[in-house]
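Asker: File final10.cif below, mmCIF, C-alpha atoms; chains and numbers go by the auth columns:
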data_structure
#
loop_
_atom_site.group_PDB
_atom_site.id
_atom_site.type_symbol
_atom_site.label_atom_id
_atom_site.label_comp_id
_atom_site.label_asym_id
_atom_site.label_seq_id
_atom_site.Cartn_x
_atom_site.Cartn_y
_atom_site.Cartn_z
_atom_site.B_iso_or_equiv
_atom_site.auth_seq_id
_atom_site.auth_asym_id
ATOM 1 C CA MET A 1 0.000 0.000 0.000 0.00 1193 S
ATOM 2 C CA SER A 2 2.747 2.477 0.878 0.00 1194 S
ATOM 3 C CA GLU A 3 4.425 1.803 -2.496 0.00 1195 S
ATOM 4 C CA ASN A 4 1.232 2.860 -4.280 0.00 1196 S
ATOM 5 C CA VAL A 5 1.018 6.034 -2.209 0.00 1197 S
ATOM 6 C CA LEU A 6 4.654 6.879 -2.952 0.00 1198 S
ATOM 7 C CA LEU A 7 4.145 6.230 -6.667 0.00 1199 S
ATOM 8 C CA ALA A 8 1.022 8.413 -6.735 0.00 1200 S
ATOM 9 C CA PHE A 9 2.825 11.153 -4.818 0.00 1201 S
ATOM 10 C CA GLY A 10 5.817 10.957 -7.167 0.00 1202 S
ATOM 11 C CA LEU A 11 3.655 11.182 -10.287 0.00 1203 S
ATOM 12 C CA THR A 12 1.698 14.110 -8.841 0.00 1204 S
ATOM 13 C CA LEU A 13 4.927 15.874 -7.914 0.00 1205 S
ATOM 14 C CA PHE A 14 6.306 15.281 -11.423 0.00 1206 S
ATOM 15 C CA ALA A 15 3.132 16.697 -13.016 0.00 1207 S
ATOM 16 C CA GLY A 16 3.209 19.778 -10.790 0.00 1208 S
ATOM 17 C CA LEU A 17 6.895 20.406 -11.438 0.00 1209 S
ATOM 18 C CA SER A 18 6.334 19.996 -15.177 0.00 1210 S
ATOM 19 C CA THR A 19 3.654 22.674 -15.077 0.00 1211 S
ATOM 20 C CA GLY A 20 5.961 24.968 -13.113 0.00 1212 S
ATOM 21 C CA ILE A 21 8.857 24.392 -15.504 0.00 1213 S
ATOM 22 C CA GLY A 22 6.614 25.110 -18.503 0.00 1214 S
ATOM 23 C CA SER A 23 5.354 28.373 -17.054 0.00 1215 S
ATOM 24 C CA ALA A 24 8.912 29.376 -16.064 0.00 1216 S
ATOM 25 C CA LEU A 25 10.006 28.878 -19.679 0.00 1217 S
ATOM 26 C CA ALA A 26 7.219 31.202 -20.817 0.00 1218 S
ATOM 27 C CA LEU A 27 8.326 33.880 -18.353 0.00 1219 S
ATOM 28 C CA ILE A 28 12.030 33.673 -19.227 0.00 1220 S
ATOM 29 C CA PHE A 29 11.787 34.516 -22.923 0.00 1221 S
ATOM 30 C CA ASN A 30 11.165 38.084 -24.115 0.00 1222 S
ATOM 31 C CA LYS A 31 10.516 37.156 -27.741 0.00 1223 S
ATOM 32 C CA THR A 32 8.262 34.538 -29.235 0.00 1224 S
ATOM 33 C CA ASN A 33 10.100 31.384 -30.279 0.00 1225 S
ATOM 34 C CA LYS A 34 7.749 29.967 -32.903 0.00 1226 S
ATOM 35 C CA ILE A 35 9.641 26.698 -33.356 0.00 1227 S
ATOM 36 C CA PHE A 36 9.606 25.862 -29.646 0.00 1228 S
ATOM 37 C CA LEU A 37 5.973 26.981 -29.329 0.00 1229 S
ATOM 38 C CA SER A 38 4.838 24.836 -32.262 0.00 1230 S
ATOM 39 C CA MET A 39 6.696 21.782 -30.939 0.00 1231 S
ATOM 40 C CA ALA A 40 5.267 22.221 -27.436 0.00 1232 S
ATOM 41 C CA LEU A 41 1.728 22.728 -28.735 0.00 1233 S
ATOM 42 C CA GLY A 42 2.042 19.728 -31.043 0.00 1234 S
ATOM 43 C CA PHE A 43 3.208 17.546 -28.152 0.00 1235 S
ATOM 44 C CA SER A 44 0.400 18.710 -25.849 0.00 1236 S
ATOM 45 C CA ALA A 45 -2.195 18.217 -28.609 0.00 1237 S
ATOM 46 C CA GLY A 46 -0.908 14.699 -29.163 0.00 1238 S
ATOM 47 C CA VAL A 47 -1.192 13.903 -25.464 0.00 1239 S
ATOM 48 C CA MET A 48 -4.756 15.235 -25.311 0.00 1240 S
ATOM 49 C CA ILE A 49 -5.801 13.305 -28.420 0.00 1241 S
ATOM 50 C CA TYR A 50 -4.313 10.146 -26.922 0.00 1242 S
ATOM 51 C CA VAL A 51 -6.175 10.671 -23.649 0.00 1243 S
ATOM 52 C CA SER A 52 -9.428 11.391 -25.491 0.00 1244 S
ATOM 53 C CA PHE A 53 -9.303 8.391 -27.794 0.00 1245 S
ATOM 54 C CA VAL A 54 -7.733 5.756 -25.570 0.00 1246 S
ATOM 55 C CA GLU A 55 -8.965 6.570 -22.092 0.00 1247 S
ATOM 56 C CA ILE A 56 -12.120 8.692 -22.147 0.00 1248 S
ATOM 57 C CA LEU A 57 -13.740 7.270 -25.286 0.00 1249 S
ATOM 58 C CA HIS A 58 -13.315 3.697 -24.053 0.00 1250 S
ATOM 59 C CA LYS A 59 -14.806 4.449 -20.627 0.00 1251 S
ATOM 60 C CA ALA A 60 -17.722 6.280 -22.239 0.00 1252 S
ATOM 61 C CA ARG A 61 -18.396 3.365 -24.596 0.00 1253 S
ATOM 62 C CA VAL A 62 -18.375 0.861 -21.733 0.00 1254 S
ATOM 63 C CA ALA A 63 -20.755 3.001 -19.676 0.00 1255 S
ATOM 64 C CA LEU A 64 -23.145 3.666 -22.571 0.00 1256 S
ATOM 65 C CA THR A 65 -23.208 0.069 -23.811 0.00 1257 S
ATOM 66 C CA ASP A 66 -24.112 -1.066 -20.296 0.00 1258 S
ATOM 67 C CA VAL A 67 -27.166 1.200 -20.387 0.00 1259 S
ATOM 68 C CA TYR A 68 -28.247 1.170 -24.065 0.00 1260 S
ATOM 69 C CA GLY A 69 -26.830 -2.109 -25.386 0.00 1261 S
ATOM 70 C CA ASP A 70 -23.837 -2.848 -27.586 0.00 1262 S
ATOM 71 C CA GLU A 71 -24.644 -1.238 -30.925 0.00 1263 S
ATOM 72 C CA PRO A 72 -26.738 1.786 -29.782 0.00 1264 S
ATOM 73 C CA GLY A 73 -24.240 2.509 -26.993 0.00 1265 S
ATOM 74 C CA ALA A 74 -21.293 2.442 -29.420 0.00 1266 S
ATOM 75 C CA TRP A 75 -23.068 4.756 -31.875 0.00 1267 S
ATOM 76 C CA LEU A 76 -24.094 7.106 -29.077 0.00 1268 S
ATOM 77 C CA THR A 77 -20.481 7.244 -27.889 0.00 1269 S
ATOM 78 C CA VAL A 78 -19.173 8.192 -31.328 0.00 1270 S
ATOM 79 C CA ALA A 79 -21.996 10.704 -31.908 0.00 1271 S
ATOM 80 C CA SER A 80 -21.364 12.333 -28.523 0.00 1272 S
ATOM 81 C CA PHE A 81 -17.621 12.562 -29.138 0.00 1273 S
ATOM 82 C CA PHE A 82 -17.976 14.246 -32.527 0.00 1274 S
ATOM 83 C CA GLY A 83 -20.921 16.315 -31.275 0.00 1275 S
ATOM 84 C CA GLY A 84 -18.627 17.750 -28.610 0.00 1276 S
ATOM 85 C CA ILE A 85 -16.088 18.614 -31.298 0.00 1277 S
ATOM 86 C CA ALA A 86 -18.840 20.355 -33.289 0.00 1278 S
ATOM 87 C CA ILE A 87 -19.941 22.392 -30.255 0.00 1279 S
ATOM 88 C CA ILE A 88 -16.375 23.545 -29.609 0.00 1280 S
ATOM 89 C CA ALA A 89 -16.031 24.456 -33.309 0.00 1281 S
ATOM 90 C CA LEU A 90 -19.213 26.561 -33.085 0.00 1282 S
ATOM 91 C CA ILE A 91 -17.968 28.331 -29.969 0.00 1283 S
ATOM 92 C CA ASP A 92 -14.637 29.072 -31.687 0.00 1284 S
ATOM 93 C CA ARG A 93 -16.534 30.308 -34.743 0.00 1285 S
ATOM 94 C CA PHE A 94 -18.726 32.776 -32.841 0.00 1286 S
ATOM 95 C CA ILE A 95 -16.063 34.205 -30.524 0.00 1287 S
ATOM 96 C CA PRO A 96 -13.944 36.721 -32.453 0.00 1288 S
ATOM 97 C CA SER A 97 -10.300 35.759 -32.912 0.00 1289 S
ATOM 98 C CA TYR A 98 -8.949 38.675 -30.864 0.00 1290 S
ATOM 99 C CA GLU A 99 -11.001 37.519 -27.846 0.00 1291 S
ATOM 100 C CA ASN A 100 -10.598 33.786 -28.355 0.00 1292 S
ATOM 101 C CA PRO A 101 -8.236 32.305 -25.772 0.00 1293 S
ATOM 102 C CA HIS A 102 -7.357 29.520 -28.236 0.00 1294 S
ATOM 103 C CA GLU A 103 -5.766 31.970 -30.669 0.00 1295 S
ATOM 104 C CA ALA A 104 -2.021 32.406 -30.286 0.00 1296 S
ATOM 105 C CA HIS A 105 -0.607 35.912 -29.942 0.00 1297 S
ATOM 106 C CA LEU A 106 2.985 37.039 -30.069 0.00 1298 S
ATOM 107 C CA ILE A 107 4.530 38.449 -26.911 0.00 1299 S
ATOM 108 C CA GLU A 108 5.387 41.572 -28.881 0.00 1300 S
ATOM 109 C CA GLU A 109 1.688 42.103 -29.706 0.00 1301 S
ATOM 110 C CA MET A 110 0.654 41.892 -26.072 0.00 1302 S
ATOM 111 C CA GLU A 111 3.219 44.429 -24.824 0.00 1303 S
ATOM 112 C CA GLY A 112 2.027 47.276 -27.086 0.00 1304 S
ATOM 113 C CA ASN A 113 -1.233 48.137 -25.278 0.00 1305 S
ATOM 114 C CA SER A 114 -1.544 50.956 -22.768 0.00 1306 S
ATOM 115 C CA GLU A 115 -2.749 50.100 -19.258 0.00 1307 S
ATOM 116 C CA ALA A 116 -6.082 52.022 -19.446 0.00 1308 S
ATOM 117 C CA ALA A 117 -7.019 50.654 -22.868 0.00 1309 S
ATOM 118 C CA ARG A 118 -6.051 47.152 -21.788 0.00 1310 S
ATOM 119 C CA LYS A 119 -8.196 47.374 -18.637 0.00 1311 S
ATOM 120 C CA LYS A 120 -11.262 48.550 -20.566 0.00 1312 S
ATOM 121 C CA SER A 121 -10.686 45.930 -23.248 0.00 1313 S
ATOM 122 C CA ASN A 122 -10.302 43.212 -20.608 0.00 1314 S
ATOM 123 C CA GLU A 123 -13.598 44.227 -18.971 0.00 1315 S
ATOM 124 C CA LYS A 124 -15.422 43.895 -22.303 0.00 1316 S
ATOM 125 C CA LYS A 125 -13.720 40.574 -22.993 0.00 1317 S
ATOM 126 C CA LEU A 126 -14.641 39.224 -19.566 0.00 1318 S
ATOM 127 C CA MET A 127 -18.273 40.288 -19.967 0.00 1319 S
ATOM 128 C CA ARG A 128 -18.521 38.688 -23.412 0.00 1320 S
ATOM 129 C CA MET A 129 -16.784 35.506 -22.274 0.00 1321 S
ATOM 130 C CA GLY A 130 -19.054 35.327 -19.219 0.00 1322 S
ATOM 131 C CA LEU A 131 -22.135 35.591 -21.426 0.00 1323 S
ATOM 132 C CA PHE A 132 -20.890 32.866 -23.773 0.00 1324 S
ATOM 133 C CA THR A 133 -20.033 30.650 -20.817 0.00 1325 S
ATOM 134 C CA ALA A 134 -23.488 31.168 -19.306 0.00 1326 S
ATOM 135 C CA LEU A 135 -25.117 30.232 -22.602 0.00 1327 S
#
Would you write the structure of this file as structure tokens?
Answerer:
Amino acid sequence: MSENVLLAFGLTLFAGLSTGIGSALALIFNKTNKIFLSMALGFSAGVMIYVSFVEILHKARVALTDVYGDEPGAWLTVASFFGGIAIIALIDRFIPSYENPHEAHLIEEMEGNSEAARKKSNEKKLMRMGLFTAL
């Protein structure tokens, strides 16, 4: 039992330190390194796709086939997965690119705004994002 606790603690510590190291890298650089950014985003996208397809989709299929049967449960799993992708695509479509948190911006672009204009712009962005989240 204590080996399992130590393993879980070690993996949690590794995940937390990885997050800290990643954010420290973002704070160190003054200019946007597009090659590093594209490699890091590609790696994280690959990890999330793996988790979605291998872990979450399988658990959803097992749960839905227990309730609805083999074939309807499998179809419902696939329809729900791609329906979620469609909903995210619609949200990305209706939120303008300058307010969309999924759009990448250069560090140089973010430094050019004045403090007052940035504060007013942030208030509008927060209100709009809050409304979309509520919907």
Asker: Pick from S:Phe1235, S:Phe1206, S:Phe1245, S:Phe1286: nearest to Val1270 in chain S, with all atoms listed in the file counted?
Answerer: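 For Val1270 in chain S, the nearest of the candidates is S:Phe1245.
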Asker: Just the number, please: distance in Å from CA of Gly1275 in chain S to CA of Ile1248 in chain S, one decimal.
Answerer: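 CA of Ile1248 in chain S lies 14.8 Å from CA of Gly1275 in chain S.
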Asker: Mind giving me the straight-line distance from CA of Ser1215 in chain S to CA of Lys1317 in chain S in Å, one decimal?
Answerer: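 Computing it gives 23.4 Å between the two atoms.
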Asker: One number please: CA of Tyr1242 in chain S to CA of Ser1272 in chain S, in Å, one decimal.
Answerer: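 So the answer is 17.3 Å.
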